[in-house]
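Step one of this worksheet: look at the structure below.
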Amino acid sequence: MCLIVSLVREVRETVIQFMKRIEEFYAAPPGELTTQPQRVKRESLVVISHRLLGLWCGVVLSVIGLTGSILVYDHEIDQWLNPSLLTTSTSNDTSSSIGVTEKLDQILRSAQRAFPPAVNVLRIDMPPIETGVIMARGQSQNAGSVQGVQPLYEATIDPVSERVIGVRVWGEYFVSRIYRLHQQLL
């Protein structure tokens, strides 16, 4: 408790010294007369600038906090918004992944067929829940870039039937847009 009190006193003294230096900065130089309206005008400009900068920073930090809070539940929100794309009606046995492992080549071929011709499969994610889907991600290594960035494709595949449920482009659905906004603000 004593440490906190001494820390608060040091901060208070530092702020008082800082405020005195600001007052000295805006005081008229020796030998020059300054009228009160000029001094008030300079101070009000500083106050307005400080207020606008504070509001702008507050809005940016609030948006970063809000998007970060949404991204904590990104998978749940994505499944809620796209249930037909991210869940299957069939239940796969998660206790034994032998069936999925044996079918990995077929799943890889299904994903490759679902993507445009120049897109290569980069990663395959196994289902996180019992009724989940396999997510294959792929990206083109050459043409089709927008502003130097290659689009990232996502294919959802039923782990039991090995059929492609759907294909989407990262950045064109809600959760990916929130993620991109959050990343750009940081």
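Just so we're on the same page: first chain in the structure tokens is A, next is B, and so on; residues restart at 1 for each chain, and ligands are numbered from 1 in the order they show up.
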For this session: Find the residues around segment 58-72 of chain A up to 7 Å (only C-alpha atoms counted), leave out those fewer than 6 positions away in its own chain, and share them as an MDAnalysis selection string.
Result: chainID A and resid 178:179 182 185
For this session: May I have the residues within 12 Å of Thr88 of chain A as a list in words, using only C-alpha atoms and disregarding those fewer than 2 positions away in the same chain?
Result: Gln79, Asn82, Pro83, Ser84, Leu85, Leu86, Thr90, Ser91, Asn92, Pro127, Ile129, Glu130, Thr131, Gly132, Val133, Ile134, Thr156, Ile157, Asp158, Pro159, Val160, Ser161, Glu162, Arg163, Val164, Ile165 and Gly166 of chain A
For this session: Mind the document's chain letters and residue numbers, and return as a ChimeraX atom specification the residues of segment 107-169 of chain A that DSSP labels strand (DSSP E).
Result: /A:119-125,134-140,152-157,164-169
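Put simply, atom CA of Met135 of chain A is 16.1 Å away from atom CA of Pro116 of chain A.
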